[in-house]
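Report on the following structure.
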Amino acid sequence: MTLMIMENIQNRIDYLRKELIRHNGLYYESNNPEISDSEYDSLAKELEQLEKENPLFASPNSPIKKVSGFVSSSFEQIKHSSPMLSLDNTYSQKETAKWYERIEKNLNNKNTGFTIEPKIDGVSASLTYINGSLTAGATRGDGETGEDITENIKKVKNIPHKLKVDNLPYFFELRGEVYIDKSDFRKLNEEILRSTGQKFANSRNAASGSLRQKNPQITAERKLRFFVHSFGKIDGKQFESQSDFLQYCRKCGFQLQDNFKICHSLKEIMDFMKIMINSRDLLHYEIDGLVIKVNSLQLQKELGYTNKSPRWAIAFKFPAKQATTKLNRIRVQVGRTGIITPSAILESVTLAGVTISHATLHNFEEIERLNVNEGDTVLIERAGDVIPKIVKVVKKENRGFFKPPHNCPSCNSGIVKENEEEVAYRCINPECPAQFRRHLIHFVSRNAMNIDGFGKAAIDQLLDRKKIQILADIYYLKYDDFIELDLFKEKKTNNLMKAVAVSKKCPLSKLLFALGIRHIGEKVSKIIAKRFKSMDALFNASIEDFTRVPEIGSILALSLKEFFENKTVRNVINNLIAAGVNMIEPETEQFGTQFDGKMFVLTGELKNRTREQADKIIKSLGGKVTSSVSKKTDYIIVGANAGSKLKKAKELNVKIIDETEFDVLTGKLSLIESTKF
Ligand code: IVH
């Protein structure tokens, strides 16, 4: 190797070591990471590879040789009875299968079972019980020594202070994860933003920041939770397996995770992985993967440890929800209510398996709060089906401040600055073409009047040709108007004409949502429609009539009253009535909202219920059942002997679930093996 190349390798190794140490500090010490876990892992992998190939440059102090972590000087220190290690990661089902095969081989196929548990995105902690009394709580720290957070741990609500079971071990050190539920995290971030102008980047940071408070009273207010996943030193009791240990913890009063399973084959593991990938967004806490462990403690012992992690366990990490990328441009657009909103055009990046090139910026205050501008490198996040958002700036390139425009980018009229719950910039020209276009797009959308096939391209062309000038014009469009549009042939035109006609029968709730009343979303539209039953009743309702509805406060009531009193609105609605649009809410039963707007297809023979029963369950949870698979299908439920629909679903990458997974989604089944527990 030439000197030059060696020098380059040395430089790269130095750089990677420094970067990894810096990112460790940001993650563990400041709770303020700049990069996602998978970006961190790829830097670590590169360093590991370089060190392996170039032993000359290896160093015992390399960050990949140690368990990452941090012990702050603001807490006393606690030495762990045995090191708190980390887990090796895999990122695909294939890599996980390889790990499984290696384990089976190393154990000469005498292994009898694996456990799979969600990998909760929280902060690890160790709890020590002596004679059943909680005596110490510590963070992982650097793996050998942690911070003494005993008083804070005592404030975590579901951690028992005394264990009340017979045959308690004299010394019992439990390890687990402190975390915060998604809804509590959202609320906490709103409060923190209001009081400090800053937010936690994710729920893990929130849990860690809340746990490591000097004042335990603050920890008490943060709604933290704990779940047990492993143990350290135990004196005076022996367990056979991980599942026995967890079962005992449950008896002791610890809350365990529902989604835990014992598997006996690779297929069972893969099936469970699939269920959990699909239900990740439905869980009330964040998980970033699954942990698979050899169940027998004797076999765990045989497999042993590397200096960083156990050989008997592996973490299968889900695709990252966060990534860093460059913000190329801030685009300003007019929404359907005239609000001018900025959005970010990004350098494309893959996030949770999807290519992302746009992110929301909410409003101009958000730009100011983030101190973000064109050219900066940003951390973005995509959670569930939500549009990606910018979490924070990680590298500032543009020192200037982004300024809101003075004129509407569509009609050029002046912009008004309004103070709602947050400051909004609004174009108040009722004839602003951008607003009308946005309103049309919203009106025909799936959760509004659901006119399937009425895309943005069709709307733009019909607007250009002046075929739509007021909302009700949609219902007077003729065959000839559609057939002239780009990509419209006979079948598409006929289908769209049918969809337009069917949409006239939409229930009042859909129409209310479609009309885009300020502050009134889908849920409130349903509530009002159910309560008032007809458009006539809404026109005649007083503010008091509205506030009598428990879900409606004074802001919503005022918005509704203003809307139904407005002359233009009355005109719009009269024109819709003249076009034959339904103004009544039919009597239906709605039980839940879990599947709101989600589209299902049923195929094959179901064994636990009839098609009609499945249909009813889906509808009762707010979902829809259609007979054919399309790009819009969210889930296909597959029974025995499924055929062409399943094939099409696979081609279109639709989420495929069986009846058991369907039970999980509907919350009917806890996956704990009842025979074992
Ligand atoms: S078992 C030797 N099980 O993930 C470590 N860990 O990336 C045994 N974690 O430090 C840990 N959920 O804090 C285990 N179900 C689970 C877990 C879990 C989250 C954390 C844990 C660990 C980290 C490794």
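Every chain in the structure tokens has a letter given in the order shown (A, B, ...), and although residue numbers restart at 1 in each chain, ligands are simply numbered from 1 in the order shown.
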Residues at most 7 Å from segment 555-563 of chain A, counting only C-alpha atoms, excluding those fewer than 3 positions away in the same chain, as a PyMOL selection string? chain A and resi 517-519+542-543+546-547+552+566+569
Writing out the chosen residues with N, CA and C atoms as an mmCIF file, in the first residue's frame:
```
data_model
loop_
_atom_site.group_PDB
_atom_site.id
_atom_site.type_symbol
_atom_site.label_atom_id
_atom_site.label_comp_id
_atom_site.auth_asym_id
_atom_site.auth_seq_id
_atom_site.Cartn_x
_atom_site.Cartn_y
_atom_site.Cartn_z
ATOM 1 N N ILE A 517 -64.908 24.176 6.368
ATOM 2 C CA ILE A 517 -65.232 25.198 7.369
ATOM 3 C C ILE A 517 -64.023 25.342 8.285
ATOM 4 N N ARG A 518 -63.679 26.582 8.574
ATOM 5 C CA ARG A 518 -62.483 26.822 9.383
ATOM 6 C C ARG A 518 -62.544 26.080 10.716
ATOM 7 N N HIS A 519 -61.492 25.421 11.101
ATOM 8 C CA HIS A 519 -61.344 24.670 12.360
ATOM 9 C C HIS A 519 -62.146 23.379 12.403
ATOM 10 N N SER A 542 -78.239 28.263 16.566
ATOM 11 C CA SER A 542 -77.626 29.439 17.213
ATOM 12 C C SER A 542 -76.258 29.016 17.770
ATOM 13 N N ILE A 543 -75.483 30.007 18.234
ATOM 14 C CA ILE A 543 -74.185 29.684 18.852
ATOM 15 C C ILE A 543 -74.395 28.721 20.025
ATOM 16 N N PHE A 546 -74.815 25.212 19.093
ATOM 17 C CA PHE A 546 -73.526 24.566 18.778
ATOM 18 C C PHE A 546 -72.759 24.228 20.049
ATOM 19 N N THR A 547 -72.696 25.197 20.978
ATOM 20 C CA THR A 547 -71.866 24.934 22.179
ATOM 21 C C THR A 547 -72.481 23.859 23.074
ATOM 22 N N ILE A 552 -67.801 20.691 21.102
ATOM 23 C CA ILE A 552 -67.650 21.995 20.441
ATOM 24 C C ILE A 552 -67.483 23.118 21.463
ATOM 25 N N ASN A 566 -72.907 33.323 6.462
ATOM 26 C CA ASN A 566 -72.265 34.011 5.347
ATOM 27 C C ASN A 566 -73.077 33.860 4.050
ATOM 28 N N VAL A 569 -71.582 31.622 1.368
ATOM 29 C CA VAL A 569 -71.733 30.204 1.717
ATOM 30 C C VAL A 569 -73.142 29.748 1.361
#
```
Show which residues sit within 7 Å of Ile415 of chain A, as a compact mmCIF listing (two decimals) with N, CA, C and O atoms, in the first residue's frame. Count only C-alpha atoms, and ignore same-chain residues fewer than 3 positions away.
```
# COMPACT_ATOMS: atom_id res chain seq x y z
N HIS A 406 -45.03 39.61 1.03
CA HIS A 406 -46.00 40.68 1.30
C HIS A 406 -47.27 40.49 0.47
O HIS A 406 -48.31 41.04 0.77
N ASN A 407 -47.14 39.73 -0.63
CA ASN A 407 -48.29 39.56 -1.53
C ASN A 407 -48.59 38.10 -1.77
O ASN A 407 -47.71 37.25 -1.66
N CYS A 408 -49.84 37.83 -2.14
CA CYS A 408 -50.24 36.44 -2.40
C CYS A 408 -49.49 35.93 -3.63
O CYS A 408 -49.49 36.58 -4.67
N TYR A 425 -50.70 34.03 7.98
CA TYR A 425 -50.71 35.01 6.91
C TYR A 425 -51.76 34.55 5.92
O TYR A 425 -51.75 33.40 5.49
N ARG A 426 -52.69 35.46 5.56
CA ARG A 426 -53.81 35.00 4.76
C ARG A 426 -54.09 35.92 3.58
O ARG A 426 -54.04 37.15 3.70
N CYS A 427 -54.40 35.33 2.42
CA CYS A 427 -54.86 36.11 1.28
C CYS A 427 -56.37 36.18 1.41
O CYS A 427 -57.05 35.14 1.48
```
Asn429 of chain A environment, 10 Å, only C-alpha atoms, sequence neighbours closer than 6 positions dropped, as an NGL selection string: :A and (338 or 408 or 411-415 or 435)
Using only C-alpha atoms and all ligand atoms, the residue out of A:Lys164, A:His229, A:Lys237, A:His264 with shortest distance to ligand 1 is A:His229
Which neighbours of Phe272 of chain A fall inside 9 Å, counting only C-alpha atoms, when residues of the same chain fewer than 2 positions from it are skipped, and could you give them as a PyMOL selection string? chain A and resi 116+261+263+267-270+274-277+661
Create the file for the chosen residues now, containing N, CA, C and O atoms and written as a PDB file, in the first residue's frame.
```
ATOM      1  N   ILE A 116     -39.690 -12.896  20.951  1.00  0.00           N
ATOM      2  CA  ILE A 116     -39.584 -11.627  20.211  1.00  0.00           C
ATOM      3  C   ILE A 116     -40.332 -10.585  21.000  1.00  0.00           C
ATOM      4  O   ILE A 116     -41.473 -10.809  21.435  1.00  0.00           O
ATOM      5  N   LYS A 261     -43.920 -12.469  21.948  1.00  0.00           N
ATOM      6  CA  LYS A 261     -44.290 -13.794  21.438  1.00  0.00           C
ATOM      7  C   LYS A 261     -43.128 -14.767  21.579  1.00  0.00           C
ATOM      8  O   LYS A 261     -41.969 -14.389  21.455  1.00  0.00           O
ATOM      9  N   CYS A 263     -41.511 -17.929  19.799  1.00  0.00           N
ATOM     10  CA  CYS A 263     -41.553 -18.562  18.473  1.00  0.00           C
ATOM     11  C   CYS A 263     -40.693 -19.816  18.481  1.00  0.00           C
ATOM     12  O   CYS A 263     -39.668 -19.874  19.170  1.00  0.00           O
ATOM     13  N   LYS A 267     -40.057 -19.332  10.485  1.00  0.00           N
ATOM     14  CA  LYS A 267     -41.290 -18.846   9.848  1.00  0.00           C
ATOM     15  C   LYS A 267     -42.134 -18.043  10.850  1.00  0.00           C
ATOM     16  O   LYS A 267     -42.619 -16.957  10.546  1.00  0.00           O
ATOM     17  N   GLU A 268     -42.253 -18.611  12.079  1.00  0.00           N
ATOM     18  CA  GLU A 268     -43.037 -17.902  13.102  1.00  0.00           C
ATOM     19  C   GLU A 268     -42.420 -16.532  13.393  1.00  0.00           C
ATOM     20  O   GLU A 268     -43.122 -15.545  13.563  1.00  0.00           O
ATOM     21  N   ILE A 269     -41.080 -16.502  13.434  1.00  0.00           N
ATOM     22  CA  ILE A 269     -40.388 -15.225  13.708  1.00  0.00           C
ATOM     23  C   ILE A 269     -40.704 -14.240  12.590  1.00  0.00           C
ATOM     24  O   ILE A 269     -41.092 -13.096  12.833  1.00  0.00           O
ATOM     25  N   MET A 270     -40.570 -14.698  11.341  1.00  0.00           N
ATOM     26  CA  MET A 270     -40.791 -13.815  10.190  1.00  0.00           C
ATOM     27  C   MET A 270     -42.237 -13.312  10.161  1.00  0.00           C
ATOM     28  O   MET A 270     -42.500 -12.157   9.863  1.00  0.00           O
ATOM     29  N   LYS A 274     -43.553  -9.440  10.450  1.00  0.00           N
ATOM     30  CA  LYS A 274     -44.438  -8.791   9.472  1.00  0.00           C
ATOM     31  C   LYS A 274     -45.616  -8.099  10.176  1.00  0.00           C
ATOM     32  O   LYS A 274     -45.943  -6.949   9.874  1.00  0.00           O
ATOM     33  N   ILE A 275     -46.188  -8.802  11.149  1.00  0.00           N
ATOM     34  CA  ILE A 275     -47.320  -8.209  11.884  1.00  0.00           C
ATOM     35  C   ILE A 275     -46.875  -6.908  12.545  1.00  0.00           C
ATOM     36  O   ILE A 275     -47.538  -5.885  12.469  1.00  0.00           O
ATOM     37  N   MET A 276     -45.709  -6.962  13.179  1.00  0.00           N
ATOM     38  CA  MET A 276     -45.281  -5.795  13.944  1.00  0.00           C
ATOM     39  C   MET A 276     -44.896  -4.631  13.030  1.00  0.00           C
ATOM     40  O   MET A 276     -45.128  -3.476  13.372  1.00  0.00           O
ATOM     41  N   ILE A 277     -44.309  -4.945  11.863  1.00  0.00           N
ATOM     42  CA  ILE A 277     -43.972  -3.860  10.926  1.00  0.00           C
ATOM     43  C   ILE A 277     -45.268  -3.166  10.527  1.00  0.00           C
ATOM     44  O   ILE A 277     -45.359  -1.944  10.491  1.00  0.00           O
ATOM     45  N   GLU A 661     -53.560 -11.346  12.173  1.00  0.00           N
ATOM     46  CA  GLU A 661     -53.041  -9.975  12.155  1.00  0.00           C
ATOM     47  C   GLU A 661     -54.196  -8.973  12.196  1.00  0.00           C
ATOM     48  O   GLU A 661     -54.103  -7.920  12.810  1.00  0.00           O
TER      49      GLU A 661
END
```
Quick one: of A:Leu85, A:Ile428, A:Val156, A:Ala499, who's nearest to ligand 1, counting only C-alpha atoms and all ligand atoms?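 Answer, going by the shortest atom-to-atom distance: A:Leu85.
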Let me make sure I understand: among A:Phe200, A:Phe171, A:Tyr248, A:Trp312, which one has the smallest atom-to-atom distance to ligand 1 if we use only C-alpha atoms and all ligand atoms?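 Of all the options, A:Trp312 lies closest to ligand 1.
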Two-atom distance - atom CA of Leu256 of chain A, atom CA of Leu297 of chain A (Å): 19.2 Å
All residues 12 Å or closer to Met599 of chain A, only C-alpha atoms, same chain fewer than 2 positions away omitted, as a PDB file with C-alpha atoms, in the first residue's frame:
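Heads up, here's the output in result_25.pdb:
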```pdb
ATOM      1  CA  ARG A 446     -61.265  10.657  -0.642  1.00  0.00           C
ATOM      2  CA  ASN A 447     -62.254  11.722   2.877  1.00  0.00           C
ATOM      3  CA  PHE A 595     -59.517   2.529  10.665  1.00  0.00           C
ATOM      4  CA  ASP A 596     -60.721   5.988   9.684  1.00  0.00           C
ATOM      5  CA  GLY A 597     -60.465   6.361   5.916  1.00  0.00           C
ATOM      6  CA  VAL A 601     -60.163  -5.753   0.531  1.00  0.00           C
ATOM      7  CA  LEU A 602     -61.175  -9.234   1.744  1.00  0.00           C
ATOM      8  CA  ASP A 615     -67.090  -6.158   6.737  1.00  0.00           C
ATOM      9  CA  ILE A 618     -64.082  -2.745   9.483  1.00  0.00           C
ATOM     10  CA  LYS A 619     -66.949  -0.333   8.947  1.00  0.00           C
ATOM     11  CA  LEU A 621     -64.009   1.144  13.069  1.00  0.00           C
ATOM     12  CA  GLY A 622     -64.371   3.748  10.349  1.00  0.00           C
ATOM     13  CA  GLY A 623     -62.784   1.768   7.483  1.00  0.00           C
ATOM     14  CA  LYS A 624     -64.130   0.920   4.051  1.00  0.00           C
ATOM     15  CA  VAL A 625     -64.323  -2.371   2.215  1.00  0.00           C
ATOM     16  CA  THR A 626     -63.974  -2.499  -1.550  1.00  0.00           C
ATOM     17  CA  SER A 627     -64.136  -5.477  -3.855  1.00  0.00           C
ATOM     18  CA  SER A 628     -61.035  -4.888  -5.935  1.00  0.00           C
ATOM     19  CA  VAL A 629     -57.413  -4.135  -5.116  1.00  0.00           C
ATOM     20  CA  SER A 630     -56.008  -0.786  -6.247  1.00  0.00           C
ATOM     21  CA  LYS A 631     -53.233   1.611  -5.327  1.00  0.00           C
ATOM     22  CA  LYS A 632     -55.634   3.088  -2.773  1.00  0.00           C
ATOM     23  CA  THR A 633     -56.090  -0.194  -0.894  1.00  0.00           C
ATOM     24  CA  ASP A 634     -54.455   0.041   2.525  1.00  0.00           C
ATOM     25  CA  TYR A 635     -54.848  -3.601   3.635  1.00  0.00           C
ATOM     26  CA  ILE A 636     -55.829  -6.882   2.049  1.00  0.00           C
ATOM     27  CA  ILE A 637     -57.096  -9.530   4.491  1.00  0.00           C
ATOM     28  CA  VAL A 654     -50.389  -3.387  -0.443  1.00  0.00           C
ATOM     29  CA  LYS A 655     -50.048  -4.473   3.197  1.00  0.00           C
TER      30      LYS A 655
END
```
Please identify the strand (DSSP E) residues within segment 74-122 of chain A (assignment by DSSP from backbone atoms) and present them as a VMD selection string. chain A and resid 77 to 79 89 to 90 114 to 120
Would you output that residue set with all heavy atoms, as a short mmCIF file (atom, residue, chain, number, x, y, z; two decimals), in the first residue's frame?
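Output file out_34.cif follows:
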```
data_model
loop_
_atom_site.label_atom_id
_atom_site.label_comp_id
_atom_site.auth_asym_id
_atom_site.auth_seq_id
_atom_site.Cartn_x
_atom_site.Cartn_y
_atom_site.Cartn_z
N GLN A 77 -22.41 8.40 40.88
CA GLN A 77 -22.25 7.26 39.99
C GLN A 77 -22.62 5.94 40.67
O GLN A 77 -22.49 5.81 41.88
CB GLN A 77 -20.80 7.19 39.52
CG GLN A 77 -20.44 8.40 38.70
CD GLN A 77 -19.07 8.29 38.07
OE1 GLN A 77 -18.38 7.30 38.26
NE2 GLN A 77 -18.70 9.30 37.33
N ILE A 78 -23.09 5.00 39.86
CA ILE A 78 -23.40 3.66 40.38
C ILE A 78 -22.70 2.66 39.48
O ILE A 78 -22.85 2.72 38.25
CB ILE A 78 -24.92 3.38 40.37
CG1 ILE A 78 -25.64 4.21 41.43
CG2 ILE A 78 -25.20 1.89 40.57
CD1 ILE A 78 -27.11 3.84 41.65
N LYS A 79 -21.93 1.76 40.07
CA LYS A 79 -21.26 0.74 39.24
C LYS A 79 -22.24 -0.42 39.06
O LYS A 79 -22.82 -0.92 40.03
CB LYS A 79 -19.97 0.28 39.96
CG LYS A 79 -19.20 -0.74 39.20
CD LYS A 79 -17.71 -0.40 39.16
CE LYS A 79 -16.89 -1.46 38.46
NZ LYS A 79 -17.22 -1.71 37.10
N ASN A 89 -27.27 -5.11 15.61
CA ASN A 89 -28.46 -4.78 14.81
C ASN A 89 -28.48 -5.52 13.48
O ASN A 89 -27.43 -5.77 12.89
CB ASN A 89 -28.46 -3.29 14.47
CG ASN A 89 -28.61 -2.44 15.71
OD1 ASN A 89 -29.25 -2.87 16.67
ND2 ASN A 89 -28.01 -1.27 15.70
N THR A 90 -29.69 -5.83 12.99
CA THR A 90 -29.85 -6.23 11.59
C THR A 90 -30.90 -5.29 11.01
O THR A 90 -31.72 -4.74 11.75
CB THR A 90 -30.37 -7.67 11.42
OG1 THR A 90 -31.67 -7.74 12.02
CG2 THR A 90 -29.47 -8.69 12.05
N PHE A 114 -37.44 -19.08 20.75
CA PHE A 114 -36.95 -17.70 20.77
C PHE A 114 -38.07 -16.82 21.31
O PHE A 114 -39.25 -17.16 21.14
CB PHE A 114 -36.64 -17.23 19.35
CG PHE A 114 -35.45 -17.89 18.73
CD1 PHE A 114 -35.58 -19.12 18.09
CD2 PHE A 114 -34.20 -17.30 18.77
CE1 PHE A 114 -34.49 -19.74 17.51
CE2 PHE A 114 -33.10 -17.92 18.19
CZ PHE A 114 -33.24 -19.14 17.56
N THR A 115 -37.72 -15.69 21.91
CA THR A 115 -38.76 -14.71 22.23
C THR A 115 -38.58 -13.54 21.28
O THR A 115 -37.45 -13.25 20.86
CB THR A 115 -38.63 -14.19 23.67
OG1 THR A 115 -37.35 -13.55 23.80
CG2 THR A 115 -38.77 -15.29 24.68
N ILE A 116 -39.69 -12.90 20.95
CA ILE A 116 -39.58 -11.63 20.21
C ILE A 116 -40.33 -10.58 21.00
O ILE A 116 -41.47 -10.81 21.43
CB ILE A 116 -40.24 -11.65 18.82
CG1 ILE A 116 -39.76 -12.79 17.98
CG2 ILE A 116 -39.95 -10.35 18.10
CD1 ILE A 116 -40.05 -12.55 16.50
N GLU A 117 -39.69 -9.46 21.18
CA GLU A 117 -40.31 -8.35 21.89
C GLU A 117 -40.08 -7.09 21.08
O GLU A 117 -39.06 -6.98 20.40
CB GLU A 117 -39.61 -8.11 23.24
CG GLU A 117 -39.56 -9.29 24.13
CD GLU A 117 -38.41 -9.19 25.14
OE1 GLU A 117 -37.97 -8.07 25.48
OE2 GLU A 117 -37.96 -10.25 25.57
N PRO A 118 -41.00 -6.13 21.17
CA PRO A 118 -40.72 -4.85 20.52
C PRO A 118 -39.48 -4.20 21.13
O PRO A 118 -39.19 -4.40 22.30
CB PRO A 118 -41.95 -4.02 20.84
CG PRO A 118 -43.01 -5.01 21.12
CD PRO A 118 -42.32 -6.17 21.76
N LYS A 119 -38.77 -3.48 20.30
CA LYS A 119 -37.62 -2.72 20.81
C LYS A 119 -38.14 -1.31 21.05
O LYS A 119 -38.32 -0.53 20.11
CB LYS A 119 -36.50 -2.73 19.78
CG LYS A 119 -35.23 -2.10 20.29
CD LYS A 119 -34.10 -2.35 19.32
CE LYS A 119 -32.77 -1.82 19.80
NZ LYS A 119 -32.78 -0.47 20.33
N ILE A 120 -38.42 -1.04 22.30
CA ILE A 120 -39.03 0.25 22.63
C ILE A 120 -37.98 1.35 22.50
O ILE A 120 -36.83 1.19 22.91
CB ILE A 120 -39.61 0.24 24.05
CG1 ILE A 120 -40.82 -0.69 24.07
CG2 ILE A 120 -39.96 1.63 24.50
CD1 ILE A 120 -41.96 -0.26 24.90
#
```
Pairwise distance for atom CA of Leu511 of chain A and atom CA of Lys467 of chain A, rounded to one decimal in Å: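 Atom CA of Lys467 of chain A lies at a distance of 21.7 Å from atom CA of Leu511 of chain A.
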Select, from A:Lys598, A:Arg175, A:His442, A:Arg465, the residue with the minimum atom-to-atom distance to ligand 1, counting only C-alpha atoms and all ligand atoms.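 Result for the nearest residue to ligand 1: A:Arg175.
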Find the residues near ligand 1. Use a cut-off of 7 Å, count only C-alpha atoms and all ligand atoms, and write them as a list in words.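 After applying the 7 Å limit, what remains is Met84, Leu85, Ser86, Leu87, Glu117, Pro118, Lys119, Ile120, Asp121, Gly122, Val123, Ser124, Gly176, Glu177, His229, Ser230, Leu290, Val291, Ser309, Pro310 and Ala315 of chain A.
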If I take atom CA of Lys214 of chain A and atom CA of Tyr129 of chain A, how far is one from the other in Å, to one decimal?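 Taking atom CA of Lys214 of chain A and atom CA of Tyr129 of chain A, their separation equals 22.6 Å.
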In segment 76-107 of chain A, what's helix (DSSP H, G or I) per DSSP? Answer as a ChimeraX atom specification? /A:93-106
Skip segment 348-365 of chain A itself and residues of its chain fewer than 3 positions away, then list as a PyMOL selection string all residues within 6 Å of it, counting only C-alpha atoms. chain A and resi 319-321+341-345+368+388-389
Out of A:Asn167, A:Thr603, A:Asn371, A:Asn109, which residue has the shortest atom-to-atom distance to Asp235 of chain A when counting only C-alpha atoms?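 Of all the options, A:Asn167 lies closest to Asp235 of chain A.
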So which one's closest to Gln257 of chain A, A:Arg225, A:Lys567, A:Lys530, A:Lys233? Using only C-alpha atoms, please.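 Smallest distance to Gln257 of chain A is found for A:Arg225.
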Spatial neighbours of Asp184 of chain A, 10 Å, only C-alpha atoms, chain gap at least 6 places, as an MDAnalysis selection string: chainID A and resid 190 203 222:224 284:285
